[in-house]
$ cat upload15.pdb   # PDB, C-alpha atoms and all ligand atoms
ATOM      1  CA  MET H   1      83.935   8.161 -98.135  1.00  0.00           C
ATOM      2  CA  LEU H   2      84.945   5.076 -96.098  1.00  0.00           C
ATOM      3  CA  GLY H   3      87.561   7.238 -94.422  1.00  0.00           C
ATOM      4  CA  LEU H   4      90.206   6.185 -96.970  1.00  0.00           C
ATOM      5  CA  ALA H   5      92.307   8.517 -99.036  1.00  0.00           C
ATOM      6  CA  PHE H   6      91.644   8.083-102.735  1.00  0.00           C
ATOM      7  CA  TRP H   7      95.184   8.144-104.135  1.00  0.00           C
ATOM      8  CA  PRO H   8      96.924   5.595-101.834  1.00  0.00           C
ATOM      9  CA  VAL H   9      94.087   3.121-102.382  1.00  0.00           C
ATOM     10  CA  PHE H  10      94.171   3.768-106.139  1.00  0.00           C
ATOM     11  CA  VAL H  11      97.921   3.147-106.299  1.00  0.00           C
ATOM     12  CA  ILE H  12      97.739  -0.027-104.189  1.00  0.00           C
ATOM     13  CA  VAL H  13      94.854  -1.451-106.229  1.00  0.00           C
ATOM     14  CA  SER H  14      96.627  -0.594-109.501  1.00  0.00           C
ATOM     15  CA  LEU H  15      99.819  -2.336-108.382  1.00  0.00           C
ATOM     16  CA  LEU H  16      97.789  -5.305-107.192  1.00  0.00           C
ATOM     17  CA  GLN H  17      96.157  -5.534-110.594  1.00  0.00           C
ATOM     18  CA  ILE H  18      99.538  -5.441-112.354  1.00  0.00           C
ATOM     19  CA  PHE H  19     100.871  -8.212-110.080  1.00  0.00           C
ATOM     20  CA  ILE H  20      97.813 -10.384-110.522  1.00  0.00           C
ATOM     21  CA  ASP H  21      98.002  -9.916-114.297  1.00  0.00           C
ATOM     22  CA  TYR H  22     101.715 -10.755-114.286  1.00  0.00           C
ATOM     23  CA  PHE H  23     101.233 -13.964-112.292  1.00  0.00           C
ATOM     24  CA  PHE H  24      98.224 -15.006-114.322  1.00  0.00           C
ATOM     25  CA  THR H  25     100.081 -14.432-117.604  1.00  0.00           C
ATOM     26  CA  SER H  26     103.177 -16.340-116.519  1.00  0.00           C
ATOM     27  CA  TRP H  27     101.001 -19.167-115.208  1.00  0.00           C
ATOM     28  CA  LYS H  28      99.243 -19.308-118.580  1.00  0.00           C
ATOM     29  CA  LYS H  29     102.577 -19.292-120.430  1.00  0.00           C
ATOM     30  CA  GLN H  30     103.889 -22.065-118.199  1.00  0.00           C
ATOM     31  CA  LYS H  31     100.793 -24.135-118.922  1.00  0.00           C
ATOM     32  CA  ALA H  32     101.160 -23.574-122.672  1.00  0.00           C
ATOM     33  CA  ARG H  33     104.832 -24.559-122.542  1.00  0.00           C
ATOM     34  CA  ILE H  34     104.098 -27.779-120.669  1.00  0.00           C
ATOM     35  CA  GLU H  35     101.387 -28.575-123.220  1.00  0.00           C
ATOM     36  CA  LEU H  36     103.841 -27.949-126.081  1.00  0.00           C
ATOM     37  CA  GLU H  37     106.488 -30.166-124.493  1.00  0.00           C
ATOM     38  CA  LYS H  38     103.905 -32.921-124.086  1.00  0.00           C
ATOM     39  CA  ILE H  39     103.074 -32.722-127.816  1.00  0.00           C
ATOM     40  CA  GLU H  40     106.788 -32.682-128.717  1.00  0.00           C
ATOM     41  CA  ASN H  41     107.413 -35.777-126.559  1.00  0.00           C
ATOM     42  CA  GLU H  42     104.444 -37.521-128.131  1.00  0.00           C
ATOM     43  CA  ARG H  43     105.855 -36.770-131.589  1.00  0.00           C
ATOM     44  CA  LEU H  44     109.285 -38.098-130.668  1.00  0.00           C
ATOM     45  CA  LYS H  45     107.653 -41.249-129.292  1.00  0.00           C
ATOM     46  CA  GLU H  46     105.865 -41.727-132.623  1.00  0.00           C
ATOM     47  CA  TYR H  47     109.131 -41.182-134.477  1.00  0.00           C
ATOM     48  CA  SER H  48     110.890 -43.856-132.444  1.00  0.00           C
ATOM     49  CA  LYS H  49     108.318 -46.386-133.668  1.00  0.00           C
ATOM     50  CA  GLN H  50     109.518 -45.890-137.252  1.00  0.00           C
ATOM     51  CA  GLY H  51     112.770 -47.634-137.699  1.00  0.00           C
ATOM     52  CA  ILE H  52     114.796 -50.138-139.618  1.00  0.00           C
ATOM     53  CA  ASP H  53     116.469 -53.384-138.666  1.00  0.00           C
ATOM     54  CA  CYS H  54     120.087 -52.452-139.384  1.00  0.00           C
ATOM     55  CA  LEU H  55     122.886 -54.909-139.970  1.00  0.00           C
ATOM     56  CA  CYS H  56     126.205 -53.951-138.374  1.00  0.00           C
ATOM     57  CA  PRO H  57     128.673 -53.490-141.288  1.00  0.00           C
ATOM     58  CA  ASP H  58     131.604 -54.942-139.327  1.00  0.00           C
ATOM     59  CA  GLU H  59     132.389 -58.377-140.858  1.00  0.00           C
ATOM     60  CA  ASN H  60     133.131 -59.898-137.461  1.00  0.00           C
ATOM     61  CA  CYS H  61     129.916 -58.605-135.891  1.00  0.00           C
ATOM     62  CA  GLY H  62     126.887 -58.504-138.201  1.00  0.00           C
ATOM     63  CA  THR H  63     124.453 -57.837-135.368  1.00  0.00           C
ATOM     64  CA  VAL H  64     120.958 -56.753-136.412  1.00  0.00           C
ATOM     65  CA  THR H  65     119.615 -53.843-134.389  1.00  0.00           C
ATOM     66  CA  PHE H  66     116.330 -51.972-134.600  1.00  0.00           C
ATOM     67  CA  VAL H  67     117.197 -48.294-135.066  1.00  0.00           C
ATOM     68  CA  PRO H  68     114.673 -45.434-135.034  1.00  0.00           C
ATOM     69  CA  ILE H  69     114.894 -43.431-138.259  1.00  0.00           C
ATOM     70  CA  GLN H  70     114.190 -39.749-138.799  1.00  0.00           C
ATOM     71  CA  LEU H  71     114.248 -38.794-142.442  1.00  0.00           C
ATOM     72  CA  ASN H  72     115.064 -35.141-141.784  1.00  0.00           C
ATOM     73  CA  LEU H  73     118.185 -35.959-139.760  1.00  0.00           C
ATOM     74  CA  GLU H  74     121.426 -37.821-140.282  1.00  0.00           C
ATOM     75  CA  ASN H  75     120.880 -41.252-138.790  1.00  0.00           C
ATOM     76  CA  ARG H  76     123.510 -43.154-136.846  1.00  0.00           C
ATOM     77  CA  TYR H  77     123.740 -45.589-133.955  1.00  0.00           C
ATOM     78  CA  ASP H  78     126.283 -47.430-131.852  1.00  0.00           C
ATOM     79  CA  CYS H  79     126.273 -51.170-132.403  1.00  0.00           C
ATOM     80  CA  PRO H  80     125.210 -52.803-129.118  1.00  0.00           C
ATOM     81  CA  LYS H  81     127.647 -55.697-129.618  1.00  0.00           C
ATOM     82  CA  CYS H  82     130.876 -54.278-131.048  1.00  0.00           C
ATOM     83  CA  LYS H  83     130.203 -50.687-129.843  1.00  0.00           C
ATOM     84  CA  LYS H  84     131.241 -49.240-133.201  1.00  0.00           C
ATOM     85  CA  GLY H  85     129.507 -46.152-134.563  1.00  0.00           C
ATOM     86  CA  VAL H  86     127.392 -46.935-137.620  1.00  0.00           C
ATOM     87  CA  LYS H  87     126.066 -44.417-140.158  1.00  0.00           C
ATOM     88  CA  ILE H  88     122.801 -45.138-141.924  1.00  0.00           C
ATOM     89  CA  TYR H  89     122.189 -44.074-145.508  1.00  0.00           C
ATOM     90  CA  ILE H  90     118.625 -44.262-146.667  1.00  0.00           C
ATOM     91  CA  GLY H  91     118.007 -44.695-150.351  1.00  0.00           C
ATOM     92  CA  CYS H  92     115.089 -45.622-152.525  1.00  0.00           C
ATOM     93  CA  LYS H  93     114.658 -47.351-155.820  1.00  0.00           C
ATOM     94  CA  THR H  94     111.766 -46.771-158.149  1.00  0.00           C
ATOM     95  CA  PHE H  95     110.040 -49.061-160.622  1.00  0.00           C
ATOM     96  CA  LEU H  96     107.131 -48.526-162.963  1.00  0.00           C
ATOM     97  CA  GLU H  97     104.058 -50.210-161.566  1.00  0.00           C
ATOM     98  CA  THR H  98     103.989 -52.386-164.664  1.00  0.00           C
ATOM     99  CA  THR H  99     107.542 -53.690-164.112  1.00  0.00           C
ATOM    100  CA  PRO H 100     107.542 -57.076-162.376  1.00  0.00           C
ATOM    101  CA  VAL H 101     109.848 -57.183-159.315  1.00  0.00           C
ATOM    102  CA  ASP H 102     110.437 -60.794-158.312  1.00  0.00           C
ATOM    103  CA  GLU H 103     113.421 -60.905-155.995  1.00  0.00           C
ATOM    104  CA  ASN H 104     114.793 -58.403-153.464  1.00  0.00           C
ATOM    105  CA  PRO H 105     115.187 -55.225-155.509  1.00  0.00           C
ATOM    106  CA  PHE H 106     118.008 -54.063-153.246  1.00  0.00           C
ATOM    107  CA  LYS H 107     120.125 -57.195-153.706  1.00  0.00           C
ATOM    108  CA  ASP H 108     122.765 -55.469-155.860  1.00  0.00           C
ATOM    109  CA  PHE H 109     121.969 -51.915-154.829  1.00  0.00           C
ATOM    110  CA  ASN H 110     124.671 -49.561-153.631  1.00  0.00           C
ATOM    111  CA  PHE H 111     122.866 -47.144-151.327  1.00  0.00           C
ATOM    112  CA  VAL H 112     125.830 -44.781-151.100  1.00  0.00           C
ATOM    113  CA  GLU H 113     125.951 -44.245-154.864  1.00  0.00           C
ATOM    114  CA  GLY H 114     122.243 -44.738-155.398  1.00  0.00           C
ATOM    115  CA  LYS H 115     122.648 -47.297-158.192  1.00  0.00           C
ATOM    116  CA  ASP H 116     123.197 -51.027-158.726  1.00  0.00           C
ATOM    117  CA  TYR H 117     126.698 -52.445-158.399  1.00  0.00           C
ATOM    118  CA  ASP H 118     127.928 -53.368-161.858  1.00  0.00           C
ATOM    119  CA  ASN H 119     128.926 -57.008-161.823  1.00  0.00           C
TER     120      ASN H 119
HETATM  121 ZN    ZN A   1     128.683 -54.491-134.532  1.00  0.00          ZN
END
$ encode --input "upload15.pdb" --output "structure tokens" --more "lines below"
Ligand SMILES: [Zn+2]
Amino acid sequence: MLGLAFWPVFVIVSLLQIFIDYFFTSWKKQKARIELEKIENERLKEYSKQGIDCLCPDENCGTVTFVPIQLNLENRYDCPKCKKGVKIYIGCKTFLETTPVDENPFKDFNFVEGKDYDN
């Protein structure tokens, strides 16, 4: 039939199928990876919108800088003015809803120890 030998054609077509499948699969994987990276970048962009205005702890500097904060990581930044490395500790303070809080509740709060300074 068609003047072609069965086995050579069978082998060539089989190999062709394997190649096509391989390229299609890797193309699909590539597409999925690009999609994943796009989502990851989007997430990082969202993260960078959450941040805190941080005051440089150096007495001679005191520059306020907006720093993106990620709660699952250790947060640090380099002060743009004095170029010193600054660590950021994030603490919280809780009050019963019924307790009136008039002034800044963090006024005497030591974030490193997680309690008010005794003065
Ligand atoms: Zn500084």
$ residues_around --input "upload15.pdb" --residues "Thr94 in chain H" --least-positions-apart "3" --cutoff "12 Å" --atoms "all atoms listed in the file" --output "number ranges by chain"
H: 91, 97-101, 105-106, 109, 114-115
$ resolve_selection --input "upload15.pdb" --expression "the PyMOL selection byres (((not hetatm)) within 8 of (chain A and resi 1))" --output "ChimeraX atom specification"
/H:55-58,60-63,78-84
$ write_last_selection --input "upload15.pdb" --atoms "C-alpha atoms" --output "tab-separated table (two decimals), in the frame of the given file"
chain	number	residue	atom	x	y	z
H	55	LEU	CA	122.89	-54.91	-139.97
H	56	CYS	CA	126.20	-53.95	-138.37
H	57	PRO	CA	128.67	-53.49	-141.29
H	58	ASP	CA	131.60	-54.94	-139.33
H	60	ASN	CA	133.13	-59.90	-137.46
H	61	CYS	CA	129.92	-58.60	-135.89
H	62	GLY	CA	126.89	-58.50	-138.20
H	63	THR	CA	124.45	-57.84	-135.37
H	78	ASP	CA	126.28	-47.43	-131.85
H	79	CYS	CA	126.27	-51.17	-132.40
H	80	PRO	CA	125.21	-52.80	-129.12
H	81	LYS	CA	127.65	-55.70	-129.62
H	82	CYS	CA	130.88	-54.28	-131.05
H	83	LYS	CA	130.20	-50.69	-129.84
H	84	LYS	CA	131.24	-49.24	-133.20
$ atom_distance --input "upload15.pdb" --atom1 "CA of Leu44 in chain H" --atom2 "CA of Ala32 in chain H"
18.5 Å
$ atom_distance --input "upload15.pdb" --atom1 "CA of Gln70 in chain H" --atom2 "CA of Lys93 in chain H"
18.6 Å
$ resolve_selection --input "upload15.pdb" --expression "the PyMOL selection byres (((chain H and resi 68) around 9) and not hetatm)" --output "list in words"
Tyr47, Ser48, Lys49, Gln50, Gly51, Ile52, Asp53, Phe66, Val67, Ile69, Gln70 and Asn75 of chain H
$ atom_distance --input "upload15.pdb" --atom1 "CA of Glu46 in chain H" --atom2 "CA of Leu73 in chain H"
15.4 Å
$ build_atoms --input "upload15.pdb" --residues "range 79-109 of chain H" --atoms "N, CA and C atoms" --output "mmCIF file, in the coordinates of the input"
data_model
loop_
_atom_site.group_PDB
_atom_site.id
_atom_site.type_symbol
_atom_site.label_atom_id
_atom_site.label_comp_id
_atom_site.auth_asym_id
_atom_site.auth_seq_id
_atom_site.Cartn_x
_atom_site.Cartn_y
_atom_site.Cartn_z
ATOM 1 N N CYS H 79 126.607 -49.751 -132.420
ATOM 2 C CA CYS H 79 126.273 -51.170 -132.403
ATOM 3 C C CYS H 79 126.307 -51.674 -130.962
ATOM 4 N N PRO H 80 125.236 -52.343 -130.514
ATOM 5 C CA PRO H 80 125.210 -52.803 -129.118
ATOM 6 C C PRO H 80 126.219 -53.901 -128.812
ATOM 7 N N LYS H 81 126.702 -54.600 -129.867
ATOM 8 C CA LYS H 81 127.647 -55.697 -129.618
ATOM 9 C C LYS H 81 129.095 -55.227 -129.706
ATOM 10 N N CYS H 82 129.472 -54.650 -130.872
ATOM 11 C CA CYS H 82 130.876 -54.278 -131.048
ATOM 12 C C CYS H 82 131.139 -52.828 -130.673
ATOM 13 N N LYS H 83 130.107 -52.078 -130.319
ATOM 14 C CA LYS H 83 130.203 -50.687 -129.843
ATOM 15 C C LYS H 83 130.743 -49.722 -130.888
ATOM 16 N N LYS H 84 130.760 -50.146 -132.161
ATOM 17 C CA LYS H 84 131.241 -49.240 -133.201
ATOM 18 C C LYS H 84 130.112 -48.311 -133.645
ATOM 19 N N GLY H 85 130.495 -47.098 -134.042
ATOM 20 C CA GLY H 85 129.507 -46.152 -134.563
ATOM 21 C C GLY H 85 129.143 -46.511 -135.992
ATOM 22 N N VAL H 86 127.847 -46.538 -136.285
ATOM 23 C CA VAL H 86 127.392 -46.935 -137.620
ATOM 24 C C VAL H 86 126.544 -45.809 -138.209
ATOM 25 N N LYS H 87 126.855 -45.417 -139.452
ATOM 26 C CA LYS H 87 126.066 -44.417 -140.158
ATOM 27 C C LYS H 87 125.017 -45.135 -140.989
ATOM 28 N N ILE H 88 123.860 -44.531 -141.133
ATOM 29 C CA ILE H 88 122.801 -45.138 -141.924
ATOM 30 C C ILE H 88 122.478 -44.238 -143.105
ATOM 31 N N TYR H 89 122.616 -44.769 -144.307
ATOM 32 C CA TYR H 89 122.189 -44.074 -145.508
ATOM 33 C C TYR H 89 120.861 -44.647 -145.936
ATOM 34 N N ILE H 90 119.935 -43.785 -146.233
ATOM 35 C CA ILE H 90 118.625 -44.262 -146.667
ATOM 36 C C ILE H 90 118.454 -43.914 -148.128
ATOM 37 N N GLY H 91 118.207 -44.920 -148.927
ATOM 38 C CA GLY H 91 118.007 -44.695 -150.351
ATOM 39 C C GLY H 91 116.674 -45.259 -150.774
ATOM 40 N N CYS H 92 116.294 -44.993 -152.006
ATOM 41 C CA CYS H 92 115.089 -45.622 -152.525
ATOM 42 C C CYS H 92 115.320 -45.973 -153.981
ATOM 43 N N LYS H 93 114.535 -46.885 -154.454
ATOM 44 C CA LYS H 93 114.658 -47.351 -155.820
ATOM 45 C C LYS H 93 113.254 -47.359 -156.403
ATOM 46 N N THR H 94 113.119 -46.869 -157.595
ATOM 47 C CA THR H 94 111.766 -46.771 -158.149
ATOM 48 C C THR H 94 111.604 -47.693 -159.352
ATOM 49 N N PHE H 95 110.396 -48.198 -159.493
ATOM 50 C CA PHE H 95 110.040 -49.061 -160.622
ATOM 51 C C PHE H 95 108.696 -48.607 -161.145
ATOM 52 N N LEU H 96 108.478 -48.743 -162.421
ATOM 53 C CA LEU H 96 107.131 -48.526 -162.963
ATOM 54 C C LEU H 96 106.220 -49.604 -162.407
ATOM 55 N N GLU H 97 105.001 -49.251 -162.136
ATOM 56 C CA GLU H 97 104.058 -50.210 -161.566
ATOM 57 C C GLU H 97 103.917 -51.457 -162.427
ATOM 58 N N THR H 98 104.160 -51.271 -163.739
ATOM 59 C CA THR H 98 103.989 -52.386 -164.664
ATOM 60 C C THR H 98 105.208 -53.305 -164.721
ATOM 61 N N THR H 99 106.338 -52.862 -164.091
ATOM 62 C CA THR H 99 107.542 -53.690 -164.112
ATOM 63 C C THR H 99 107.452 -54.762 -163.025
ATOM 64 N N PRO H 100 107.582 -56.035 -163.404
ATOM 65 C CA PRO H 100 107.542 -57.076 -162.376
ATOM 66 C C PRO H 100 108.828 -57.078 -161.535
ATOM 67 N N VAL H 101 108.688 -57.112 -160.212
ATOM 68 C CA VAL H 101 109.848 -57.183 -159.315
ATOM 69 C C VAL H 101 109.721 -58.490 -158.537
ATOM 70 N N ASP H 102 110.570 -59.472 -158.905
ATOM 71 C CA ASP H 102 110.437 -60.794 -158.312
ATOM 72 C C ASP H 102 111.259 -60.953 -157.049
ATOM 73 N N GLU H 103 112.570 -60.691 -157.172
ATOM 74 C CA GLU H 103 113.421 -60.905 -155.995
ATOM 75 C C GLU H 103 113.646 -59.582 -155.269
ATOM 76 N N ASN H 104 114.467 -59.599 -154.242
ATOM 77 C CA ASN H 104 114.793 -58.403 -153.464
ATOM 78 C C ASN H 104 115.384 -57.333 -154.385
ATOM 79 N N PRO H 105 114.689 -56.236 -154.569
ATOM 80 C CA PRO H 105 115.187 -55.225 -155.509
ATOM 81 C C PRO H 105 116.457 -54.527 -155.027
ATOM 82 N N PHE H 106 116.811 -54.718 -153.788
ATOM 83 C CA PHE H 106 118.008 -54.063 -153.246
ATOM 84 C C PHE H 106 119.211 -54.997 -153.195
ATOM 85 N N LYS H 107 119.072 -56.186 -153.797
ATOM 86 C CA LYS H 107 120.125 -57.195 -153.706
ATOM 87 C C LYS H 107 121.479 -56.646 -154.173
ATOM 88 N N ASP H 108 121.501 -55.988 -155.316
ATOM 89 C CA ASP H 108 122.765 -55.469 -155.860
ATOM 90 C C ASP H 108 122.824 -53.954 -155.773
ATOM 91 N N PHE H 109 122.084 -53.379 -154.859
ATOM 92 C CA PHE H 109 121.969 -51.915 -154.829
ATOM 93 C C PHE H 109 123.001 -51.303 -153.899
#
